[in-house]
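Structure record follows, encoded as structure tokens.
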Amino acid sequence: MGPTITTSLGVMAKKAPRDDVGDRDLRVGTPKRVAAGIPAVVASMRAAVGEMGVRRTALTLLKVNQKSGFDCPGCAWPESAGHRTPFEFCENGAKAVAEEATLRRVTPEFFAEHPVAELDGRSDYWLGQQGRLTHPMVLRPGDTHYRPISWPDAFALTASTLRGLDTPDAAAFYTSGRTSNEAAFLYQLFARAFGTNNLPDCSNMCHESSGTALNATIGIGKGSVTLDDIHRSSLIVVVGQNPGTNHPRMLTALETAKRNGARIIAVNPLPEAGLLAFKNPQKVSGVVGSATTLADQYLQIRVGGDLALFQALGTLLLPHADREFIAAHTTGFDSYAANVAEVDWAVTEEATGLTRAEIEETAAMFAASDATIVCWAMGLTQHRDAVATIQEVVNVQLLRGMIGKPGAGLCPVRGHSNVQGDRTMGVWERVPAWGPALGKEFGFRVPAETGHDTVETIRAMRDGQVKVFVGMGGNFAAATPDTVATEAALRTCELTVQISTKLNRSHTVTGKTALILPCLGRTEADPAGFVTVEDSMSCVHASRGSLPPAAPTLLSEVAIVSRLGAATLDDTIPWESFEHDYAAVRARIARVVPGFADFENRLGGAGFTLPHPPRDSRSFDTPDGRARFTVSPLTSIEVPEGRLLMQTLRSHDQYNTTIYGLDDRYRGITAGRRVVFAHAEDLAEHGLADGSMVDIVSEWPDGERRAEGFRAVAYPTARGCVATYFPEANVLVPLDSVAVGSNTPTSKAVVVRLEPAHAPSPGPSA
């Protein structure tokens, strides 16, 4: 069954399941209540040795996150500035490294054997398992297969197409978080020198809501805590985040905090093993001893109920306000206090699915704490009212004076290594404050107009306004919402260019002409020097790969951007020197980007932490120099009778859109991904049995979207809510369903109904 496009009300968009998902073998077991331990060690080694072999595994894993090694290509959780163990990686970090350092190769011969149409029918898992890309490849109009192309011809083709556009704004330059600081800086420099601010990036789909909320309230879009703050906190609140799968090294920090006396509150619709208990696989106690209990209180909130929760907490904490901090450092408190003066408990309980007693117990824990940190991830950021929700988190922290003191603060946990660094380096559709300095440094006028973010880029491609798409890293076709609409938009482009390490969905969803430009990975030695990254807590440090490149034909991302710049633009910018000497790039960053003065000399050891005025001195870069309380109406998503509220999430064998395997060990899923988790009573109310095959249908004013062939799994999630994996469920997320203020797709809040499947379940793996 082929895809159809939503064109008007009542027309359904759908994407047939790929033919090799392998869900005929799917088994459902009991969810785990303890994360890591021996199973994590076994899974790590099985993945690493299976991809790299024994010797390569030992040589590679011992250098992950070491001061003289390379930064893990997985999550952005920080490392200690002091002592580090020889094993500074987690299970999913080992899988990420193994995926990149694999011995498998995708050569020109592979593409000769597999037409693009066949590849497009394969699953995301199958595509990723084929290995590292080795040669630049081109798909020309009318061709059925990618064919080899030389590097000079690839750059000439891209440059001529770019120069032939009617306007620079007919191009868009997407970036993934894996990109180094040096590559990101040059990439945004190239785009702006070319004449556009069309710089969509993966932040638009994850923590854009965080940056929007934090910039408006504390004057900087980054979290305000360090790793040391986590260790010394009295109360850590983890909201809308599953660290056991998405940031496993955070569990070690939570264990340390717990042993130092901290209490932990978990807020999540699903009971996640990584929030319940942890067996540290790097300690004897994690092997033979008992697990460390993490959550002292677990609030199984309804999807989207966090705004109501934090407003209720604000009401209950008004008598415990830090009046001295409020008077000295904030504005807007009186309006905020008036807004939350009374709680409508019936509305709050309905929105949150929690009892008044649970919320009052939570408030008491906040009131008793002298150092509170609130952590969150995409469970808060991907909702219609995500910005307002995060601002309510800020309100509660300001109310208690929990910014700019040891062990306290705000902690948006970024999900991809250097996604924060990319934004610091200027990868943003808006001109950064230092934009004029960039233009002065390189002698050109930085365009003033705001460019397209991710959602706007899809619309612009759809409408014929963007004709060239360049993606540096990532997997745009799989990561974005409204899969059918996004794929159709990409196919309208004159040229799509993917700078990649491995085969993925975006290589099968092409413009009229398509290029694959293979690049070095983090693990590999770069003859031009080391690169740098920024972690989730604003620490900048070096990353030095040491493995031989997967193929002698590979170029680094810096080299690819530099050669593209040289081929496309005049010789005002010294692209050749940047390609061969990354210190030259860092020297320019030091002159342009605030906080990077003396960049090169500060990179010894563990690197350096960028300034953060709210954390460092309780100063705020706002119009009046004060942190801002905000006022938001209490809203919730209306879910009609017979409907449920869906959130998308990752499996444990997954990192972003990369599928490591078909298991989700902590949730009890083996050998399959097309599952939908629902409360047993909700299944019964909808006339469905545990284990039945269903289609998931989302509803939106422009029509319906259908994802076919999912197994219903009775699961102890919050009532009225269902969860399923992305990217399989991205087809259900409407392009126009976005967060107010940040334009982030609402992947955690989609109204759906479940219907008995009318299509056969997918076949076995190919």
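Scheme for the structure tokens: letters A, B, ... for chains in order shown; per-chain residue numbers from 1; ligand numbers from 1 in order shown.
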Selection near Thr107 in chain A, 8 Å with only C-alpha atoms, sequence-local residues under 6 positions removed, as a list of chain:residue names: A:Leu133, A:Thr134, A:His135
Within 12 Å of Glu358 in chain A, counting only C-alpha atoms, which residues qualify if same-chain residues fewer than 6 places away don't, as an mmCIF file with C-alpha atoms, in the first residue's frame?
data_model
loop_
_atom_site.group_PDB
_atom_site.id
_atom_site.type_symbol
_atom_site.label_atom_id
_atom_site.label_comp_id
_atom_site.auth_asym_id
_atom_site.auth_seq_id
_atom_site.Cartn_x
_atom_site.Cartn_y
_atom_site.Cartn_z
ATOM 1 C CA ILE A 265 11.310 12.945 42.437
ATOM 2 C CA VAL A 267 7.680 12.678 36.934
ATOM 3 C CA GLN A 297 8.501 9.724 44.825
ATOM 4 C CA TYR A 298 7.263 8.676 41.379
ATOM 5 C CA LEU A 299 4.485 10.761 39.848
ATOM 6 C CA GLN A 300 2.852 8.984 36.909
ATOM 7 C CA ILE A 301 1.532 12.137 35.346
ATOM 8 C CA LEU A 309 1.504 20.345 38.182
ATOM 9 C CA ALA A 312 -0.113 23.832 41.679
ATOM 10 C CA LEU A 313 3.363 23.506 43.197
ATOM 11 C CA TRP A 345 -7.998 21.002 42.455
ATOM 12 C CA THR A 348 -5.526 20.049 38.353
ATOM 13 C CA GLU A 349 -6.291 16.437 39.192
ATOM 14 C CA THR A 352 -2.339 15.648 35.806
ATOM 15 C CA ALA A 364 6.547 19.512 50.879
ATOM 16 C CA MET A 365 9.732 17.997 49.456
#
Pull the strand (DSSP E or B) assignments for range 340-418 of chain A out of DSSP run on the backbone, and list those residues as a ChimeraX atom specification. /A:372-376,409-412
Next, the residues of the selection above should be written as an mmCIF file, in the first residue's frame with N, CA, C and O atoms.
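again03.cif, freshly written:
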data_model
loop_
_atom_site.group_PDB
_atom_site.id
_atom_site.type_symbol
_atom_site.label_atom_id
_atom_site.label_comp_id
_atom_site.auth_asym_id
_atom_site.auth_seq_id
_atom_site.Cartn_x
_atom_site.Cartn_y
_atom_site.Cartn_z
ATOM 1 N N THR A 372 17.673 22.718 45.187
ATOM 2 C CA THR A 372 16.830 21.913 44.295
ATOM 3 C C THR A 372 17.243 22.119 42.848
ATOM 4 O O THR A 372 17.459 23.250 42.402
ATOM 5 N N ILE A 373 17.333 21.022 42.121
ATOM 6 C CA ILE A 373 17.570 21.049 40.675
ATOM 7 C C ILE A 373 16.382 20.396 39.987
ATOM 8 O O ILE A 373 15.918 19.334 40.409
ATOM 9 N N VAL A 374 15.892 21.035 38.943
ATOM 10 C CA VAL A 374 14.861 20.427 38.112
ATOM 11 C C VAL A 374 15.481 20.112 36.756
ATOM 12 O O VAL A 374 16.009 20.994 36.077
ATOM 13 N N CYS A 375 15.448 18.820 36.386
ATOM 14 C CA CYS A 375 15.958 18.348 35.101
ATOM 15 C C CYS A 375 14.769 18.002 34.203
ATOM 16 O O CYS A 375 13.755 17.506 34.685
ATOM 17 N N TRP A 376 14.924 18.247 32.913
ATOM 18 C CA TRP A 376 13.867 17.839 31.997
ATOM 19 C C TRP A 376 14.447 17.576 30.607
ATOM 20 O O TRP A 376 15.559 17.989 30.286
ATOM 21 N N GLY A 409 19.336 24.741 40.613
ATOM 22 C CA GLY A 409 19.268 25.364 39.301
ATOM 23 C C GLY A 409 18.356 24.652 38.331
ATOM 24 O O GLY A 409 17.544 23.793 38.693
ATOM 25 N N LEU A 410 18.518 25.016 37.067
ATOM 26 C CA LEU A 410 17.715 24.518 35.968
ATOM 27 C C LEU A 410 18.588 23.651 35.075
ATOM 28 O O LEU A 410 19.701 24.039 34.728
ATOM 29 N N CYS A 411 18.083 22.470 34.672
ATOM 30 C CA CYS A 411 18.925 21.510 33.961
ATOM 31 C C CYS A 411 18.180 20.868 32.793
ATOM 32 O O CYS A 411 17.694 19.738 32.906
ATOM 33 N N PRO A 412 18.064 21.585 31.659
ATOM 34 C CA PRO A 412 17.577 20.907 30.455
ATOM 35 C C PRO A 412 18.650 19.947 29.973
ATOM 36 O O PRO A 412 19.787 20.350 29.724
#
Run DSSP on the backbone and give me the residues of range 67-307 of chain A it puts in alpha helix (DSSP H), as a tab-separated table (two decimals) with N, CA and C atoms, in the first residue's frame.
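Listing of result21.tsv after writing:
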chain	number	residue	atom	x	y	z
A	91	GLU	N	26.14	1.78	28.34
A	91	GLU	CA	25.72	0.78	27.35
A	91	GLU	C	25.41	1.42	26.00
A	92	ASN	N	24.61	2.47	26.02
A	92	ASN	CA	24.24	3.08	24.74
A	92	ASN	C	25.37	3.88	24.14
A	93	GLY	N	26.29	4.35	24.97
A	93	GLY	CA	27.49	4.97	24.44
A	93	GLY	C	28.35	3.96	23.70
A	94	ALA	N	28.48	2.76	24.28
A	94	ALA	CA	29.23	1.70	23.61
A	94	ALA	C	28.59	1.33	22.28
A	95	LYS	N	27.26	1.32	22.25
A	95	LYS	CA	26.57	1.01	21.00
A	95	LYS	C	26.79	2.12	19.97
A	96	ALA	N	26.78	3.37	20.42
A	96	ALA	CA	27.01	4.48	19.50
A	96	ALA	C	28.41	4.42	18.90
A	97	VAL	N	29.39	4.13	19.74
A	97	VAL	CA	30.76	4.00	19.26
A	97	VAL	C	30.88	2.83	18.29
A	98	ALA	N	30.26	1.70	18.63
A	98	ALA	CA	30.33	0.53	17.78
A	98	ALA	C	29.69	0.79	16.41
A	99	GLU	N	28.59	1.52	16.39
A	99	GLU	CA	27.95	1.86	15.13
A	99	GLU	C	28.89	2.65	14.23
A	100	GLU	N	29.64	3.57	14.83
A	100	GLU	CA	30.54	4.40	14.03
A	100	GLU	C	31.83	3.66	13.66
A	108	PRO	N	30.76	1.63	-3.38
A	108	PRO	CA	30.05	1.82	-4.65
A	108	PRO	C	29.43	0.53	-5.17
A	109	GLU	N	30.07	-0.61	-4.91
A	109	GLU	CA	29.50	-1.89	-5.34
A	109	GLU	C	28.16	-2.16	-4.67
A	110	PHE	N	28.03	-1.76	-3.41
A	110	PHE	CA	26.75	-1.91	-2.70
A	110	PHE	C	25.65	-1.15	-3.44
A	111	PHE	N	25.93	0.10	-3.79
A	111	PHE	CA	24.91	0.91	-4.45
A	111	PHE	C	24.60	0.36	-5.85
A	112	ALA	N	25.59	-0.24	-6.50
A	112	ALA	CA	25.33	-0.85	-7.81
A	112	ALA	C	24.37	-2.02	-7.69
A	113	GLU	N	24.40	-2.71	-6.56
A	113	GLU	CA	23.54	-3.88	-6.35
A	113	GLU	C	22.15	-3.51	-5.87
A	116	VAL	N	17.74	2.57	-5.55
A	116	VAL	CA	17.23	3.44	-4.48
A	116	VAL	C	15.83	3.02	-4.07
A	117	ALA	N	15.02	2.62	-5.02
A	117	ALA	CA	13.65	2.19	-4.69
A	117	ALA	C	13.66	1.00	-3.74
A	118	GLU	N	14.60	0.09	-3.92
A	118	GLU	CA	14.70	-1.05	-3.00
A	118	GLU	C	15.13	-0.58	-1.61
A	119	LEU	N	16.12	0.30	-1.57
A	119	LEU	CA	16.60	0.80	-0.28
A	119	LEU	C	15.49	1.52	0.47
A	120	ASP	N	14.64	2.23	-0.26
A	120	ASP	CA	13.57	2.96	0.40
A	120	ASP	C	12.55	2.03	1.03
A	124	ASP	N	14.65	1.27	8.77
A	124	ASP	CA	15.74	2.12	9.26
A	124	ASP	C	16.83	1.27	9.91
A	125	TYR	N	16.43	0.21	10.59
A	125	TYR	CA	17.41	-0.68	11.22
A	125	TYR	C	18.29	-1.34	10.17
A	126	TRP	N	17.70	-1.87	9.12
A	126	TRP	CA	18.47	-2.53	8.08
A	126	TRP	C	19.45	-1.56	7.42
A	127	LEU	N	18.99	-0.37	7.11
A	127	LEU	CA	19.86	0.61	6.47
A	127	LEU	C	21.08	0.91	7.33
A	128	GLY	N	20.85	1.12	8.63
A	128	GLY	CA	21.96	1.45	9.52
A	128	GLY	C	22.94	0.32	9.70
A	151	TRP	N	35.30	13.82	-5.63
A	151	TRP	CA	35.09	14.95	-4.71
A	151	TRP	C	35.04	16.28	-5.46
A	152	PRO	N	35.99	16.58	-6.36
A	152	PRO	CA	35.89	17.87	-7.07
A	152	PRO	C	34.58	18.02	-7.83
A	153	ASP	N	34.11	16.95	-8.48
A	153	ASP	CA	32.86	17.05	-9.24
A	153	ASP	C	31.66	17.21	-8.31
A	154	ALA	N	31.72	16.59	-7.13
A	154	ALA	CA	30.62	16.74	-6.17
A	154	ALA	C	30.52	18.19	-5.70
A	155	PHE	N	31.65	18.79	-5.38
A	155	PHE	CA	31.63	20.19	-4.93
A	155	PHE	C	31.24	21.12	-6.07
A	156	ALA	N	31.72	20.83	-7.28
A	156	ALA	CA	31.36	21.67	-8.43
A	156	ALA	C	29.86	21.60	-8.70
A	157	LEU	N	29.28	20.41	-8.61
A	157	LEU	CA	27.85	20.24	-8.81
A	157	LEU	C	27.05	21.03	-7.78
A	158	THR	N	27.43	20.91	-6.51
A	158	THR	CA	26.73	21.63	-5.45
A	158	THR	C	26.87	23.13	-5.64
A	159	ALA	N	28.10	23.58	-5.91
A	159	ALA	CA	28.35	25.01	-6.04
A	159	ALA	C	27.59	25.61	-7.21
A	160	SER	N	27.58	24.93	-8.35
A	160	SER	CA	26.89	25.47	-9.52
A	160	SER	C	25.39	25.54	-9.28
A	161	THR	N	24.84	24.54	-8.58
A	161	THR	CA	23.40	24.56	-8.27
A	161	THR	C	23.07	25.69	-7.32
A	162	LEU	N	23.90	25.88	-6.31
A	162	LEU	CA	23.67	26.98	-5.36
A	162	LEU	C	23.77	28.34	-6.06
A	163	ARG	N	24.78	28.52	-6.88
A	163	ARG	CA	24.96	29.81	-7.56
A	163	ARG	C	23.86	30.08	-8.57
A	181	ASN	N	32.35	21.82	17.05
A	181	ASN	CA	32.28	23.28	17.10
A	181	ASN	C	32.91	23.89	15.86
A	182	GLU	N	34.05	23.37	15.45
A	182	GLU	CA	34.76	23.94	14.31
A	182	GLU	C	33.94	23.80	13.03
A	183	ALA	N	33.37	22.61	12.80
A	183	ALA	CA	32.56	22.41	11.61
A	183	ALA	C	31.29	23.24	11.65
A	184	ALA	N	30.66	23.33	12.81
A	184	ALA	CA	29.43	24.11	12.94
A	184	ALA	C	29.68	25.59	12.68
A	185	PHE	N	30.78	26.12	13.23
A	185	PHE	CA	31.10	27.53	13.01
A	185	PHE	C	31.31	27.81	11.53
A	186	LEU	N	32.05	26.96	10.85
A	186	LEU	CA	32.29	27.16	9.42
A	186	LEU	C	31.02	26.97	8.60
A	187	TYR	N	30.18	26.06	9.02
A	187	TYR	CA	28.94	25.80	8.29
A	187	TYR	C	28.02	27.02	8.32
A	188	GLN	N	27.83	27.58	9.52
A	188	GLN	CA	26.97	28.78	9.59
A	188	GLN	C	27.65	29.96	8.90
A	189	LEU	N	28.98	30.02	8.96
A	189	LEU	CA	29.70	31.06	8.25
A	189	LEU	C	29.44	30.94	6.74
A	190	PHE	N	29.53	29.73	6.21
A	190	PHE	CA	29.28	29.52	4.79
A	190	PHE	C	27.85	29.93	4.42
A	191	ALA	N	26.86	29.48	5.19
A	191	ALA	CA	25.47	29.81	4.87
A	191	ALA	C	25.24	31.31	4.87
A	192	ARG	N	25.78	31.99	5.87
A	192	ARG	CA	25.55	33.44	5.98
A	192	ARG	C	26.35	34.21	4.94
A	193	ALA	N	27.55	33.75	4.63
A	193	ALA	CA	28.31	34.39	3.56
A	193	ALA	C	27.63	34.14	2.21
A	194	PHE	N	27.00	33.00	2.05
A	194	PHE	CA	26.22	32.72	0.84
A	194	PHE	C	25.02	33.64	0.75
A	208	GLU	N	14.35	23.38	21.60
A	208	GLU	CA	14.04	24.76	21.22
A	208	GLU	C	13.10	25.41	22.24
A	209	SER	N	12.15	24.61	22.74
A	209	SER	CA	11.23	25.15	23.75
A	209	SER	C	11.97	25.57	25.01
A	210	SER	N	13.00	24.80	25.38
A	210	SER	CA	13.80	25.17	26.55
A	210	SER	C	14.51	26.49	26.33
A	211	GLY	N	15.19	26.62	25.18
A	211	GLY	CA	15.91	27.85	24.91
A	211	GLY	C	14.99	29.05	24.87
A	212	THR	N	13.81	28.88	24.25
A	212	THR	CA	12.85	29.98	24.18
A	212	THR	C	12.40	30.41	25.56
A	213	ALA	N	12.06	29.44	26.39
A	213	ALA	CA	11.57	29.73	27.74
A	213	ALA	C	12.67	30.35	28.61
A	214	LEU	N	13.87	29.81	28.54
A	214	LEU	CA	14.95	30.28	29.40
A	214	LEU	C	15.47	31.65	28.97
A	215	ASN	N	15.59	31.88	27.68
A	215	ASN	CA	16.02	33.20	27.23
A	215	ASN	C	15.07	34.29	27.71
A	216	ALA	N	13.78	33.99	27.69
A	216	ALA	CA	12.79	34.99	28.09
A	216	ALA	C	12.75	35.23	29.59
A	217	THR	N	13.24	34.29	30.38
A	217	THR	CA	13.09	34.39	31.83
A	217	THR	C	14.39	34.65	32.58
A	218	ILE	N	15.48	33.99	32.15
A	218	ILE	CA	16.76	34.20	32.85
A	218	ILE	C	17.82	34.79	31.94
A	227	LEU	N	27.96	19.57	36.88
A	227	LEU	CA	27.92	18.21	37.40
A	227	LEU	C	28.11	18.20	38.91
A	228	ASP	N	28.96	19.09	39.41
A	228	ASP	CA	29.16	19.17	40.86
A	228	ASP	C	27.87	19.57	41.57
A	229	ASP	N	27.06	20.43	40.93
A	229	ASP	CA	25.77	20.80	41.52
A	229	ASP	C	24.86	19.58	41.66
A	230	ILE	N	24.86	18.71	40.65
A	230	ILE	CA	24.06	17.49	40.74
A	230	ILE	C	24.48	16.67	41.94
A	231	HIS	N	25.78	16.53	42.12
A	231	HIS	CA	26.30	15.70	43.21
A	231	HIS	C	25.94	16.25	44.59
A	232	ARG	N	25.82	17.56	44.72
A	232	ARG	CA	25.61	18.15	46.05
A	232	ARG	C	24.19	18.64	46.29
A	243	PRO	N	16.44	8.87	31.80
A	243	PRO	CA	17.90	8.80	31.72
A	243	PRO	C	18.43	7.39	31.50
A	244	GLY	N	17.71	6.36	31.91
A	244	GLY	CA	18.22	5.01	31.76
A	244	GLY	C	18.48	4.61	30.32
A	245	THR	N	17.75	5.20	29.40
A	245	THR	CA	17.93	4.92	27.98
A	245	THR	C	18.61	6.07	27.26
A	246	ASN	N	18.20	7.30	27.56
A	246	ASN	CA	18.64	8.44	26.76
A	246	ASN	C	19.91	9.11	27.27
A	250	MET	N	23.99	9.65	33.36
A	250	MET	CA	23.35	10.46	34.38
A	250	MET	C	22.99	9.63	35.61
A	251	LEU	N	22.77	8.33	35.41
A	251	LEU	CA	22.41	7.48	36.55
A	251	LEU	C	23.54	7.44	37.58
A	252	THR	N	24.78	7.47	37.12
A	252	THR	CA	25.91	7.49	38.05
A	252	THR	C	25.89	8.77	38.87
A	253	ALA	N	25.56	9.90	38.22
A	253	ALA	CA	25.48	11.17	38.95
A	253	ALA	C	24.34	11.15	39.95
A	254	LEU	N	23.21	10.57	39.57
A	254	LEU	CA	22.09	10.47	40.50
A	254	LEU	C	22.43	9.55	41.67
A	255	GLU	N	23.16	8.49	41.40
A	255	GLU	CA	23.59	7.59	42.48
A	255	GLU	C	24.49	8.34	43.46
A	256	THR	N	25.43	9.13	42.93
A	256	THR	CA	26.30	9.92	43.80
A	256	THR	C	25.50	10.90	44.63
A	257	ALA	N	24.57	11.59	44.00
A	257	ALA	CA	23.73	12.53	44.73
A	257	ALA	C	22.93	11.83	45.82
A	258	LYS	N	22.41	10.67	45.47
A	258	LYS	CA	21.60	9.92	46.43
A	258	LYS	C	22.44	9.52	47.65
A	259	ARG	N	23.65	9.08	47.41
A	259	ARG	CA	24.52	8.67	48.52
A	259	ARG	C	25.00	9.87	49.33
A	273	ALA	N	12.60	2.10	34.20
A	273	ALA	CA	13.57	1.44	35.08
A	273	ALA	C	14.68	2.40	35.52
A	274	GLY	N	15.12	3.27	34.61
A	274	GLY	CA	16.20	4.19	34.93
A	274	GLY	C	15.83	5.28	35.90
A	275	LEU	N	14.57	5.36	36.28
A	275	LEU	CA	14.15	6.31	37.31
A	275	LEU	C	13.81	5.60	38.62
A	276	LEU	N	13.76	4.28	38.57
A	276	LEU	CA	13.37	3.51	39.75
A	276	LEU	C	14.59	3.06	40.56
A	285	SER	N	29.41	-3.35	43.85
A	285	SER	CA	28.04	-3.38	44.35
A	285	SER	C	27.03	-3.50	43.22
A	286	GLY	N	27.41	-3.01	42.02
A	286	GLY	CA	26.52	-3.13	40.88
A	286	GLY	C	26.50	-4.51	40.28
A	287	VAL	N	27.45	-5.36	40.71
A	287	VAL	CA	27.52	-6.72	40.20
A	287	VAL	C	26.92	-7.70	41.19
A	288	VAL	N	27.31	-7.59	42.45
A	288	VAL	CA	26.86	-8.57	43.43
A	288	VAL	C	25.95	-7.98	44.50
A	306	ASP	N	2.11	18.60	32.98
A	306	ASP	CA	3.17	19.23	33.77
A	306	ASP	C	2.91	20.70	34.04
A	307	LEU	N	2.25	21.40	33.12
A	307	LEU	CA	1.92	22.80	33.35
A	307	LEU	C	1.03	22.93	34.58
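In terms of minimum interatomic distance to Pro141 in chain A, A:Leu495 ranks closest within A:Ala58, A:Leu495, A:Ala478, A:Ala76, counting only C-alpha atoms.
Summary of the local environment: counting only C-alpha atoms, residues at most 7 Å from Cys75 in chain A, other than itself and those fewer than 3 positions away along its chain, are His247, Gly415, His416 and Ser417 of chain A.
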Pull C-alpha atoms from the residues just selected and write them as a PDB file, in the first residue's frame.
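Contents of selection00.pdb, as written:
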ATOM      1  CA  HIS A 247      21.394   9.619  29.151  1.00  0.00           C
ATOM      2  CA  GLY A 415      20.087  14.561  24.054  1.00  0.00           C
ATOM      3  CA  HIS A 416      22.849  14.696  21.452  1.00  0.00           C
ATOM      4  CA  SER A 417      26.565  15.294  21.789  1.00  0.00           C
TER       5      SER A 417
END
Between CA of Pro613 in chain A and CA of Pro594 in chain A, what is the distance, to one decimal in Å? 12.5 Å
Per residue of range 604-702 of chain A within 12 Å of range 720-729 of chain A, record the nearest atom pair and its distance in Å to one decimal, counting only C-alpha atoms, with rows in chain order and ascending residue number, as a Markdown table.
| residue | atom | partner | partner_atom | distance |
| --- | --- | --- | --- | --- |
| A:Ile637 | CA | A:Gly720 | CA | 11.8 |
| A:Glu638 | CA | A:Gly720 | CA | 11.5 |
| A:Val639 | CA | A:Gly720 | CA | 8.8 |
| A:Pro640 | CA | A:Gly720 | CA | 10.7 |
| A:Glu641 | CA | A:Gly720 | CA | 10.3 |
| A:Gly642 | CA | A:Gly720 | CA | 9.6 |
| A:Arg643 | CA | A:Gly720 | CA | 8.0 |
| A:Leu644 | CA | A:Gly720 | CA | 5.3 |
| A:Leu645 | CA | A:Cys721 | CA | 4.8 |
| A:Met646 | CA | A:Val722 | CA | 4.7 |
| A:Gln647 | CA | A:Ala723 | CA | 4.9 |
| A:Thr648 | CA | A:Thr724 | CA | 5.0 |
| A:Leu649 | CA | A:Tyr725 | CA | 4.9 |
| A:Arg650 | CA | A:Tyr725 | CA | 5.5 |
| A:Ser651 | CA | A:Tyr725 | CA | 6.6 |
| A:His652 | CA | A:Tyr725 | CA | 10.4 |
| A:Asp653 | CA | A:Tyr725 | CA | 11.1 |
| A:Gln654 | CA | A:Phe726 | CA | 9.6 |
| A:Tyr655 | CA | A:Phe726 | CA | 10.5 |
| A:Asn656 | CA | A:Phe726 | CA | 8.5 |
| A:Thr657 | CA | A:Pro727 | CA | 6.4 |
| A:Thr658 | CA | A:Pro727 | CA | 9.4 |
| A:Ile659 | CA | A:Pro727 | CA | 9.7 |
| A:Leu662 | CA | A:Tyr725 | CA | 11.3 |
| A:Asp663 | CA | A:Tyr725 | CA | 11.7 |
| A:Asp664 | CA | A:Tyr725 | CA | 10.4 |
| A:Arg667 | CA | A:Ala723 | CA | 11.6 |
| A:Ile669 | CA | A:Tyr725 | CA | 11.7 |
| A:Gly672 | CA | A:Tyr725 | CA | 10.6 |
| A:Arg673 | CA | A:Tyr725 | CA | 6.9 |
| A:Arg674 | CA | A:Glu728 | CA | 7.4 |
| A:Val675 | CA | A:Thr724 | CA | 6.1 |
| A:Val676 | CA | A:Thr724 | CA | 4.8 |
| A:Phe677 | CA | A:Ala723 | CA | 5.1 |
| A:Ala678 | CA | A:Val722 | CA | 4.7 |
| A:His679 | CA | A:Cys721 | CA | 7.5 |
| A:Ala680 | CA | A:Gly720 | CA | 10.4 |
| A:Glu681 | CA | A:Gly720 | CA | 9.2 |
| A:Asp682 | CA | A:Gly720 | CA | 6.6 |
| A:Leu683 | CA | A:Gly720 | CA | 9.7 |
| A:Ala684 | CA | A:Gly720 | CA | 11.9 |
| A:Glu685 | CA | A:Gly720 | CA | 10.4 |
| A:His686 | CA | A:Gly720 | CA | 10.9 |
| A:Asp695 | CA | A:Ala729 | CA | 10.8 |
| A:Ile696 | CA | A:Ala729 | CA | 8.6 |
| A:Val697 | CA | A:Ala729 | CA | 10.0 |
| A:Ser698 | CA | A:Ala729 | CA | 10.0 |
